[in-house]
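File shown: coords02.pdb. Contents: PDB, C-alpha atoms and all ligand atoms.
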ATOM      1  CA  MET A 280      -4.506  10.530  -0.976  1.00  0.00           C
ATOM      2  CA  ASN A 281      -7.700  12.429  -0.176  1.00  0.00           C
ATOM      3  CA  PHE A 282      -7.511  15.215   2.385  1.00  0.00           C
ATOM      4  CA  GLN A 283     -10.387  15.022   4.889  1.00  0.00           C
ATOM      5  CA  LEU A 284     -10.713  18.014   7.189  1.00  0.00           C
ATOM      6  CA  ALA A 285     -12.276  17.070  10.552  1.00  0.00           C
ATOM      7  CA  LEU A 286     -14.395  19.770  12.156  1.00  0.00           C
ATOM      8  CA  ASP A 287     -14.358  19.002  15.896  1.00  0.00           C
ATOM      9  CA  ARG A 288     -14.916  21.043  19.054  1.00  0.00           C
ATOM     10  CA  LEU A 289     -16.071  24.054  17.030  1.00  0.00           C
ATOM     11  CA  SER A 290     -19.186  26.199  16.907  1.00  0.00           C
ATOM     12  CA  ARG A 291     -21.287  26.336  13.735  1.00  0.00           C
ATOM     13  CA  GLU A 292     -19.877  29.777  12.980  1.00  0.00           C
ATOM     14  CA  GLU A 293     -16.302  28.554  13.418  1.00  0.00           C
ATOM     15  CA  CYS A 294     -16.980  25.588  11.099  1.00  0.00           C
ATOM     16  CA  ARG A 295     -18.381  27.925   8.424  1.00  0.00           C
ATOM     17  CA  HIS A 296     -15.428  30.296   8.774  1.00  0.00           C
ATOM     18  CA  ILE A 297     -12.800  27.506   8.617  1.00  0.00           C
ATOM     19  CA  LEU A 298     -14.456  25.906   5.592  1.00  0.00           C
ATOM     20  CA  ASN A 299     -14.564  29.262   3.868  1.00  0.00           C
ATOM     21  CA  GLU A 300     -10.815  29.598   4.438  1.00  0.00           C
ATOM     22  CA  THR A 301      -9.801  26.026   3.565  1.00  0.00           C
ATOM     23  CA  ALA A 302     -12.306  24.544   1.087  1.00  0.00           C
ATOM     24  CA  HIS A 303      -9.941  25.166  -1.802  1.00  0.00           C
ATOM     25  CA  TYR A 304      -7.355  22.773  -0.294  1.00  0.00           C
ATOM     26  CA  ILE A 305      -9.509  19.908   0.953  1.00  0.00           C
ATOM     27  CA  ASP A 306     -11.363  16.994  -0.678  1.00  0.00           C
ATOM     28  CA  TRP A 307     -13.571  15.639   2.099  1.00  0.00           C
ATOM     29  CA  ILE A 308     -15.371  17.540   4.882  1.00  0.00           C
ATOM     30  CA  GLU A 309     -15.897  15.677   8.160  1.00  0.00           C
ATOM     31  CA  ILE A 310     -18.638  17.012  10.386  1.00  0.00           C
ATOM     32  CA  GLY A 311     -17.239  15.886  13.737  1.00  0.00           C
ATOM     33  CA  THR A 312     -19.112  13.894  16.352  1.00  0.00           C
ATOM     34  CA  GLY A 313     -19.322  16.778  18.815  1.00  0.00           C
ATOM     35  CA  VAL A 314     -20.544  19.177  16.135  1.00  0.00           C
ATOM     36  CA  ILE A 315     -23.249  16.669  15.153  1.00  0.00           C
ATOM     37  CA  LYS A 316     -24.248  16.276  18.829  1.00  0.00           C
ATOM     38  CA  GLU A 317     -24.567  20.045  19.107  1.00  0.00           C
ATOM     39  CA  TYR A 318     -26.259  20.918  15.810  1.00  0.00           C
ATOM     40  CA  GLY A 319     -27.647  17.650  14.452  1.00  0.00           C
ATOM     41  CA  MET A 320     -28.615  16.734  10.926  1.00  0.00           C
ATOM     42  CA  ALA A 321     -29.625  20.302  10.095  1.00  0.00           C
ATOM     43  CA  PHE A 322     -25.954  21.203  10.013  1.00  0.00           C
ATOM     44  CA  VAL A 323     -25.086  18.212   7.810  1.00  0.00           C
ATOM     45  CA  LYS A 324     -27.792  19.450   5.393  1.00  0.00           C
ATOM     46  CA  GLU A 325     -26.402  22.985   5.486  1.00  0.00           C
ATOM     47  CA  ILE A 326     -22.867  21.832   4.656  1.00  0.00           C
ATOM     48  CA  ARG A 327     -24.168  19.547   1.864  1.00  0.00           C
ATOM     49  CA  THR A 328     -25.934  22.537   0.298  1.00  0.00           C
ATOM     50  CA  ALA A 329     -22.967  24.855   0.716  1.00  0.00           C
ATOM     51  CA  TYR A 330     -20.411  22.363  -0.658  1.00  0.00           C
ATOM     52  CA  PRO A 331     -22.176  20.239  -3.287  1.00  0.00           C
ATOM     53  CA  ASP A 332     -18.897  19.065  -4.836  1.00  0.00           C
ATOM     54  CA  LYS A 333     -17.152  17.861  -1.671  1.00  0.00           C
ATOM     55  CA  THR A 334     -17.416  14.420  -0.126  1.00  0.00           C
ATOM     56  CA  ILE A 335     -19.185  14.875   3.212  1.00  0.00           C
ATOM     57  CA  VAL A 336     -18.382  12.517   6.097  1.00  0.00           C
ATOM     58  CA  ALA A 337     -20.780  12.518   9.070  1.00  0.00           C
ATOM     59  CA  ASP A 338     -18.752  11.255  12.041  1.00  0.00           C
ATOM     60  CA  MET A 339     -21.782   9.649  13.698  1.00  0.00           C
ATOM     61  CA  LYS A 340     -19.666   6.992  15.489  1.00  0.00           C
ATOM     62  CA  THR A 341     -22.723   4.718  15.369  1.00  0.00           C
ATOM     63  CA  CYS A 342     -22.542   1.654  17.633  1.00  0.00           C
ATOM     64  CA  ASP A 343     -26.201   0.513  17.644  1.00  0.00           C
ATOM     65  CA  ALA A 344     -29.475   1.195  15.830  1.00  0.00           C
ATOM     66  CA  ALA A 345     -27.393   1.347  12.686  1.00  0.00           C
ATOM     67  CA  GLU A 346     -30.160   1.231  10.109  1.00  0.00           C
ATOM     68  CA  HIS A 347     -31.767   4.351  11.554  1.00  0.00           C
ATOM     69  CA  GLU A 348     -28.544   6.306  12.131  1.00  0.00           C
ATOM     70  CA  THR A 349     -27.036   5.413   8.757  1.00  0.00           C
ATOM     71  CA  LYS A 350     -30.189   6.510   6.942  1.00  0.00           C
ATOM     72  CA  GLN A 351     -30.353   9.635   9.061  1.00  0.00           C
ATOM     73  CA  ALA A 352     -26.839  10.779   8.106  1.00  0.00           C
ATOM     74  CA  LEU A 353     -27.013   9.790   4.427  1.00  0.00           C
ATOM     75  CA  GLN A 354     -30.483  11.264   3.935  1.00  0.00           C
ATOM     76  CA  ALA A 355     -29.218  14.517   5.444  1.00  0.00           C
ATOM     77  CA  GLY A 356     -26.678  14.642   2.628  1.00  0.00           C
ATOM     78  CA  ALA A 357     -23.583  12.861   3.913  1.00  0.00           C
ATOM     79  CA  ASP A 358     -21.810  10.593   1.432  1.00  0.00           C
ATOM     80  CA  ILE A 359     -20.161   8.573   4.213  1.00  0.00           C
ATOM     81  CA  THR A 360     -21.135   7.906   7.818  1.00  0.00           C
ATOM     82  CA  THR A 361     -18.986   6.324  10.535  1.00  0.00           C
ATOM     83  CA  VAL A 362     -19.712   3.154  12.518  1.00  0.00           C
ATOM     84  CA  MET A 363     -17.580   1.834  15.384  1.00  0.00           C
ATOM     85  CA  ALA A 364     -15.637  -1.381  14.761  1.00  0.00           C
ATOM     86  CA  PHE A 365     -16.473  -2.776  18.224  1.00  0.00           C
ATOM     87  CA  SER A 366     -20.190  -2.805  17.337  1.00  0.00           C
ATOM     88  CA  HIS A 367     -22.030  -6.097  17.021  1.00  0.00           C
ATOM     89  CA  ASN A 368     -21.734  -7.747  13.606  1.00  0.00           C
ATOM     90  CA  GLN A 369     -25.475  -7.163  13.110  1.00  0.00           C
ATOM     91  CA  THR A 370     -24.867  -3.450  13.540  1.00  0.00           C
ATOM     92  CA  ILE A 371     -22.128  -3.430  10.892  1.00  0.00           C
ATOM     93  CA  GLN A 372     -24.361  -5.494   8.595  1.00  0.00           C
ATOM     94  CA  LYS A 373     -27.372  -3.177   9.078  1.00  0.00           C
ATOM     95  CA  ALA A 374     -25.191  -0.138   8.415  1.00  0.00           C
ATOM     96  CA  LEU A 375     -23.809  -1.690   5.216  1.00  0.00           C
ATOM     97  CA  GLU A 376     -27.319  -2.553   3.993  1.00  0.00           C
ATOM     98  CA  ALA A 377     -28.734   0.882   4.801  1.00  0.00           C
ATOM     99  CA  ALA A 378     -25.787   2.595   3.102  1.00  0.00           C
ATOM    100  CA  GLU A 379     -26.247   0.516  -0.014  1.00  0.00           C
ATOM    101  CA  LYS A 380     -29.960   1.396  -0.131  1.00  0.00           C
ATOM    102  CA  GLU A 381     -29.174   5.101   0.264  1.00  0.00           C
ATOM    103  CA  GLY A 382     -26.334   5.057  -2.268  1.00  0.00           C
ATOM    104  CA  GLY A 383     -23.763   5.997   0.353  1.00  0.00           C
ATOM    105  CA  GLU A 384     -20.902   4.363   2.202  1.00  0.00           C
ATOM    106  CA  ILE A 385     -19.851   3.545   5.744  1.00  0.00           C
ATOM    107  CA  MET A 386     -16.418   4.116   7.254  1.00  0.00           C
ATOM    108  CA  VAL A 387     -15.721   1.740  10.123  1.00  0.00           C
ATOM    109  CA  ASP A 388     -13.730   3.415  12.894  1.00  0.00           C
ATOM    110  CA  LEU A 389     -11.044   1.088  14.307  1.00  0.00           C
ATOM    111  CA  LEU A 390     -10.604   3.185  17.474  1.00  0.00           C
ATOM    112  CA  ASN A 391      -9.390   0.737  20.169  1.00  0.00           C
ATOM    113  CA  ALA A 392     -10.327  -2.285  18.050  1.00  0.00           C
ATOM    114  CA  PRO A 393      -8.072  -5.373  18.322  1.00  0.00           C
ATOM    115  CA  PRO A 394      -6.200  -6.232  15.073  1.00  0.00           C
ATOM    116  CA  GLU A 395      -8.137  -9.506  14.680  1.00  0.00           C
ATOM    117  CA  ARG A 396     -11.355  -7.492  14.212  1.00  0.00           C
ATOM    118  CA  ILE A 397     -10.129  -6.408  10.756  1.00  0.00           C
ATOM    119  CA  ALA A 398     -10.521  -9.930   9.277  1.00  0.00           C
ATOM    120  CA  GLU A 399     -14.090 -10.081  10.622  1.00  0.00           C
ATOM    121  CA  LEU A 400     -14.908  -6.675   9.134  1.00  0.00           C
ATOM    122  CA  ASP A 401     -13.456  -7.785   5.797  1.00  0.00           C
ATOM    123  CA  GLU A 402     -15.631 -10.906   5.942  1.00  0.00           C
ATOM    124  CA  LEU A 403     -18.690  -8.737   6.624  1.00  0.00           C
ATOM    125  CA  GLY A 404     -17.983  -6.734   3.464  1.00  0.00           C
ATOM    126  CA  VAL A 405     -16.503  -3.561   4.938  1.00  0.00           C
ATOM    127  CA  THR A 406     -14.439  -1.691   2.336  1.00  0.00           C
ATOM    128  CA  LEU A 407     -13.490   1.518   4.162  1.00  0.00           C
ATOM    129  CA  VAL A 408     -12.037   1.858   7.664  1.00  0.00           C
ATOM    130  CA  SER A 409     -10.436   4.607   9.678  1.00  0.00           C
ATOM    131  CA  LEU A 410      -7.241   3.765  11.461  1.00  0.00           C
ATOM    132  CA  HIS A 411      -7.772   6.085  14.374  1.00  0.00           C
ATOM    133  CA  ILE A 412      -5.750   7.121  17.404  1.00  0.00           C
ATOM    134  CA  GLY A 413      -8.305   9.012  19.487  1.00  0.00           C
ATOM    135  CA  LYS A 414      -7.880  12.483  20.908  1.00  0.00           C
ATOM    136  CA  ASP A 415      -7.388  11.200  24.466  1.00  0.00           C
ATOM    137  CA  GLN A 416      -4.884   8.506  23.477  1.00  0.00           C
ATOM    138  CA  GLN A 417      -2.859  11.049  21.507  1.00  0.00           C
ATOM    139  CA  ALA A 418      -1.043  11.972  24.743  1.00  0.00           C
ATOM    140  CA  GLU A 419       0.741   8.602  24.261  1.00  0.00           C
ATOM    141  CA  LYS A 420       1.050   8.296  20.475  1.00  0.00           C
ATOM    142  CA  MET A 421      -0.056   9.649  17.098  1.00  0.00           C
ATOM    143  CA  VAL A 422      -0.994   7.504  14.120  1.00  0.00           C
ATOM    144  CA  GLY A 423       2.047   6.241  12.173  1.00  0.00           C
ATOM    145  CA  SER A 424       2.949   3.937   9.314  1.00  0.00           C
ATOM    146  CA  ASP A 425       3.469   0.951  11.691  1.00  0.00           C
ATOM    147  CA  ASP A 426      -0.229   1.063  12.553  1.00  0.00           C
ATOM    148  CA  PHE A 427      -0.972   0.002   8.961  1.00  0.00           C
ATOM    149  CA  ILE A 428       0.710  -3.415   9.337  1.00  0.00           C
ATOM    150  CA  PRO A 429      -2.439  -5.342  10.464  1.00  0.00           C
ATOM    151  CA  LEU A 430      -4.302  -3.942   7.426  1.00  0.00           C
ATOM    152  CA  GLN A 431      -1.785  -5.096   4.834  1.00  0.00           C
ATOM    153  CA  PRO A 432      -3.377  -8.568   4.278  1.00  0.00           C
ATOM    154  CA  PHE A 433      -6.674  -6.886   3.271  1.00  0.00           C
ATOM    155  CA  PRO A 434      -6.255  -5.199  -0.124  1.00  0.00           C
ATOM    156  CA  GLY A 435     -10.037  -4.815  -0.455  1.00  0.00           C
ATOM    157  CA  ILE A 436     -10.147  -2.379   2.471  1.00  0.00           C
ATOM    158  CA  LYS A 437      -9.418   1.300   1.860  1.00  0.00           C
ATOM    159  CA  VAL A 438      -7.793   3.026   4.815  1.00  0.00           C
ATOM    160  CA  ALA A 439      -8.323   6.526   6.170  1.00  0.00           C
ATOM    161  CA  ALA A 440      -5.787   7.505   8.842  1.00  0.00           C
ATOM    162  CA  ALA A 441      -6.579   9.824  11.765  1.00  0.00           C
ATOM    163  CA  GLY A 442      -4.987  10.897  14.989  1.00  0.00           C
ATOM    164  CA  GLY A 443      -2.933  14.032  15.384  1.00  0.00           C
ATOM    165  CA  ILE A 444      -1.799  14.215  11.755  1.00  0.00           C
ATOM    166  CA  ASN A 445      -0.200  17.473  10.590  1.00  0.00           C
ATOM    167  CA  ALA A 446       1.683  18.711   7.518  1.00  0.00           C
ATOM    168  CA  GLU A 447       4.937  17.242   8.828  1.00  0.00           C
ATOM    169  CA  SER A 448       3.664  13.809   9.907  1.00  0.00           C
ATOM    170  CA  VAL A 449       1.673  13.326   6.703  1.00  0.00           C
ATOM    171  CA  LYS A 450       5.049  12.932   4.974  1.00  0.00           C
ATOM    172  CA  ASN A 451       5.760   9.829   7.098  1.00  0.00           C
ATOM    173  CA  LEU A 452       2.538   8.258   5.810  1.00  0.00           C
ATOM    174  CA  ARG A 453       3.516   8.593   2.145  1.00  0.00           C
ATOM    175  CA  GLU A 454       5.127   5.132   2.106  1.00  0.00           C
ATOM    176  CA  VAL A 455       1.862   3.494   3.227  1.00  0.00           C
ATOM    177  CA  ASN A 456      -0.189   5.811   1.001  1.00  0.00           C
ATOM    178  CA  PRO A 457      -3.541   5.900   2.839  1.00  0.00           C
ATOM    179  CA  TYR A 458      -6.647   6.390   0.731  1.00  0.00           C
ATOM    180  CA  THR A 459      -7.508   9.368   2.914  1.00  0.00           C
ATOM    181  CA  VAL A 460      -5.726  11.364   5.595  1.00  0.00           C
ATOM    182  CA  ILE A 461      -7.958  12.890   8.236  1.00  0.00           C
ATOM    183  CA  VAL A 462      -6.602  16.109   9.725  1.00  0.00           C
ATOM    184  CA  GLY A 463      -8.410  18.010  12.475  1.00  0.00           C
ATOM    185  CA  SER A 464      -6.681  20.115  15.113  1.00  0.00           C
ATOM    186  CA  ALA A 465      -3.562  20.830  13.040  1.00  0.00           C
ATOM    187  CA  VAL A 466      -5.783  22.938  10.782  1.00  0.00           C
ATOM    188  CA  THR A 467      -8.826  23.897  12.844  1.00  0.00           C
ATOM    189  CA  LYS A 468      -6.819  25.049  15.894  1.00  0.00           C
ATOM    190  CA  ALA A 469      -4.066  26.714  13.834  1.00  0.00           C
ATOM    191  CA  HIS A 470      -3.561  30.465  14.066  1.00  0.00           C
ATOM    192  CA  ASN A 471      -4.011  30.538  10.284  1.00  0.00           C
ATOM    193  CA  PRO A 472      -6.207  27.583   9.159  1.00  0.00           C
ATOM    194  CA  SER A 473      -5.870  28.470   5.496  1.00  0.00           C
ATOM    195  CA  GLU A 474      -2.061  28.366   5.655  1.00  0.00           C
ATOM    196  CA  ALA A 475      -2.166  25.117   7.694  1.00  0.00           C
ATOM    197  CA  ALA A 476      -4.507  23.474   5.151  1.00  0.00           C
ATOM    198  CA  ARG A 477      -2.305  24.640   2.283  1.00  0.00           C
ATOM    199  CA  ALA A 478       0.729  23.045   3.965  1.00  0.00           C
ATOM    200  CA  VAL A 479      -1.107  19.701   4.385  1.00  0.00           C
ATOM    201  CA  ARG A 480      -2.265  19.828   0.748  1.00  0.00           C
ATOM    202  CA  GLU A 481       1.299  20.439  -0.433  1.00  0.00           C
ATOM    203  CA  ALA A 482       2.643  17.607   1.726  1.00  0.00           C
ATOM    204  CA  ILE A 483      -0.005  15.249   0.283  1.00  0.00           C
ATOM    205  CA  ASP A 484       0.597  16.238  -3.324  1.00  0.00           C
ATOM    206  CA  LYS A 485       4.418  16.099  -3.245  1.00  0.00           C
TER     207      LYS A 485
HETATM  208  O1  LIG A 501     -12.613  11.555  15.051  1.00  0.00           O
HETATM  209  C1  LIG A 501     -11.932  12.335  15.639  1.00  0.00           C
HETATM  210  C2  LIG A 501     -11.861  12.332  17.125  1.00  0.00           C
HETATM  211  O2  LIG A 501     -12.472  11.170  17.626  1.00  0.00           O
HETATM  212  C3  LIG A 501     -12.561  13.514  17.759  1.00  0.00           C
HETATM  213  O3  LIG A 501     -13.974  13.377  17.617  1.00  0.00           O
HETATM  214  C4  LIG A 501     -11.125  13.341  14.877  1.00  0.00           C
HETATM  215  O4  LIG A 501     -11.868  13.748  13.784  1.00  0.00           O
HETATM  216  C5  LIG A 501      -9.816  12.762  14.385  1.00  0.00           C
HETATM  217  O5  LIG A 501      -9.087  12.272  15.484  1.00  0.00           O
HETATM  218  C6  LIG A 501      -8.967  13.818  13.661  1.00  0.00           C
HETATM  219  O6  LIG A 501      -8.676  14.901  14.495  1.00  0.00           O
HETATM  220  P1  LIG A 501      -7.188  15.265  15.000  1.00  0.00           P
HETATM  221  O7  LIG A 501      -6.705  14.075  15.761  1.00  0.00           O
HETATM  222  O8  LIG A 501      -7.352  16.487  15.818  1.00  0.00           O
HETATM  223  O9  LIG A 501      -6.365  15.515  13.759  1.00  0.00           O
END
I'd like the structure from this file rewritten - as structure tokens, please.
Ligand SMILES: O=C([C@H](O)CO)[C@H](O)[C@H](O)COP(=O)(O)O
Amino acid sequence: MNFQLALDRLSREECRHILNETAHYIDWIEIGTGVIKEYGMAFVKEIRTAYPDKTIVADMKTCDAAEHETKQALQAGADITTVMAFSHNQTIQKALEAAEKEGGEIMVDLLNAPPERIAELDELGVTLVSLHIGKDQQAEKMVGSDDFIPLQPFPGIKVAAAGGINAESVKNLREVNPYTVIVGSAVTKAHNPSEAARAVREAIDK
């Protein structure tokens, strides 16, 4: 399991500080959608330069103009950029083609997508998705192992899980063994982000 730290609802300075405290424990750095809206590709470039050995995910949440946005994120130094599952098939296709040209990858975000969309994404050639319970929906539920059931018939699709995951709940995901666990608030809003990241790392590695 890779540990992806999601940097959301943070200033540039806070992102730098948290990464400084947690880089040792994490595998993938996600530059969150709101951070990208605030600071743009310049910040993706900065993080690429500062952390050359980490996998960088730009959470672009692209839903149109996918060739342009995919190139934009990957040329800024991201290894992976996100595209929404509800997008038109042409959008997914354009994102896949642009990623291949740039030597990067797309992660298709299943936020609010119906289960039958997964077969269509598989058909289109998608190989990485995020099973995502959004921040607003988290008042009702967090991501859990049951959410993986619709993905089981698709062994060619790697799954990243996101949505209120913390060091405790990551243990419940061990049985489904996601390719990547995405953890945001449990680390970035913790009193001690370094300690929180260490706890997630330990829970993953056990
Ligand atoms: O993608 C995310 C969300 O849409 C906010 O932009 C988060 O990165 C993802 O949900 C992980 O964050 P937490 O749920 O706070 O762990």
Exercise for the section: Taking only C-alpha atoms and all ligand atoms into account, report as a list in words which residues have an atom no farther than 7 Å from an atom of ligand LIG 501 (chain A). Expected result: Ala285, Leu286, Asp287, Gly311, Thr312, Gly313, Asp338, His411, Ile412, Gly413, Lys414, Ala441, Gly442, Gly443, Ile444, Ile461, Val462, Gly463, Ser464 and Ala465 of chain A
Written file, previous selection with C-alpha atoms, as a compact mmCIF listing (two decimals), in the coordinates of the input:
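Result saved to result.txt:
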# COMPACT_ATOMS: atom_id res chain seq x y z
CA ALA A 285 -12.28 17.07 10.55
CA LEU A 286 -14.40 19.77 12.16
CA ASP A 287 -14.36 19.00 15.90
CA GLY A 311 -17.24 15.89 13.74
CA THR A 312 -19.11 13.89 16.35
CA GLY A 313 -19.32 16.78 18.82
CA ASP A 338 -18.75 11.26 12.04
CA HIS A 411 -7.77 6.08 14.37
CA ILE A 412 -5.75 7.12 17.40
CA GLY A 413 -8.30 9.01 19.49
CA LYS A 414 -7.88 12.48 20.91
CA ALA A 441 -6.58 9.82 11.76
CA GLY A 442 -4.99 10.90 14.99
CA GLY A 443 -2.93 14.03 15.38
CA ILE A 444 -1.80 14.22 11.76
CA ILE A 461 -7.96 12.89 8.24
CA VAL A 462 -6.60 16.11 9.72
CA GLY A 463 -8.41 18.01 12.48
CA SER A 464 -6.68 20.11 15.11
CA ALA A 465 -3.56 20.83 13.04
Handout entry: Residue nearest Pro394 in chain A - candidates A:Leu410, A:Ala478, A:Ala337, A:Val455, atoms counted: only C-alpha atoms
Key =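 Smallest separation from Pro394 in chain A among the options: A:Leu410.
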Exercise for the section: Measuring atom to atom with only C-alpha atoms, identify which of A:Glu454, A:Glu447, A:Glu348, A:Glu317 is nearest to Ser424 in chain A. Expected result: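 Using only C-alpha atoms, the shortest distance to Ser424 in chain A belongs to A:Glu454.
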Practice task
Run the PyMOL selection byres (((chain A and resi 439) around 8) and not hetatm) mentally over the shown coordinates, then write out the matched residues as a PyMOL selection string, using the chain letters and numbers from the document.
Solution key: chain A and resi 407-410+437-438+440-441+457-461
Exercise for the section: Kindly indicate which residue among A:Met386, A:Ile428, A:Leu403, A:Ala446 lies nearest to Gln369 in chain A, using only C-alpha atoms for the distances. Expected result: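 Counting only C-alpha atoms, the residue closest to Gln369 in chain A is A:Leu403.
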Practice task
Please evaluate the PyMOL selection byres (((chain A and resi 405) around 10) and not hetatm) against the displayed coordinates and give the resulting residues as a count of residues only.
Solution key: 22
Handout entry: From A:Ile297, A:Ala302, A:Ala475, A:Ala482, residue lying nearest Pro331 in chain A [only C-alpha atoms]
Key =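 Nearest to Pro331 in chain A: A:Ala302.
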Practice task
Might you spell out which residues the PyMOL selection byres (((chain A and resi 481) around 12) and not hetatm) would select in the displayed file, as a ChimeraX atom specification?
Solution key: /A:280,282,304-305,445-447,449-450,474-480,482-485
Handout entry: For CA of Gln351 in chain A and CA of Ala329 in chain A, the interatomic separation in Å (one decimal)
Key =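 These two atoms are separated by 18.9 Å.
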Handout entry: Counting only C-alpha atoms, the option among A:Ser366, A:Ser473, A:Asn281, A:Thr301 closest to Ala392 in chain A
Key =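 Using only C-alpha atoms, the shortest distance to Ala392 in chain A belongs to A:Ser366.
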Set up a box along x, y and z of the file covering all listed atoms of range 427-439 of chain A, add 4 Å on every one of the six sides, and write the centre and edge lengths in Å to one decimal, as AutoDock Vina command-line options.
--center_x -4.7 --center_y -1.0 --center_z 5.0 --size_x 18.9 --size_y 23.1 --size_z 18.9
As a PDB file with C-alpha atoms, in the coordinates of the input, please: the residues near Thr334 in chain A (cut-off 9 Å, all atoms listed in the file, same-chain neighbours under 2 positions excluded).
ATOM      1  CA  GLN A 283     -10.387  15.022   4.889  1.00  0.00           C
ATOM      2  CA  ASP A 306     -11.363  16.994  -0.678  1.00  0.00           C
ATOM      3  CA  TRP A 307     -13.571  15.639   2.099  1.00  0.00           C
ATOM      4  CA  ILE A 308     -15.371  17.540   4.882  1.00  0.00           C
ATOM      5  CA  GLU A 309     -15.897  15.677   8.160  1.00  0.00           C
ATOM      6  CA  ARG A 327     -24.168  19.547   1.864  1.00  0.00           C
ATOM      7  CA  TYR A 330     -20.411  22.363  -0.658  1.00  0.00           C
ATOM      8  CA  PRO A 331     -22.176  20.239  -3.287  1.00  0.00           C
ATOM      9  CA  ASP A 332     -18.897  19.065  -4.836  1.00  0.00           C
ATOM     10  CA  VAL A 336     -18.382  12.517   6.097  1.00  0.00           C
ATOM     11  CA  ALA A 357     -23.583  12.861   3.913  1.00  0.00           C
ATOM     12  CA  ASP A 358     -21.810  10.593   1.432  1.00  0.00           C
ATOM     13  CA  ILE A 359     -20.161   8.573   4.213  1.00  0.00           C
TER      14      ILE A 359
END
Handout entry: Atomic distance CA of Ala378 in chain A - CA of Ile310 in chain A, expressed in Å with one decimal
Key =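 CA of Ile310 in chain A lies at a distance of 17.7 Å from CA of Ala378 in chain A.
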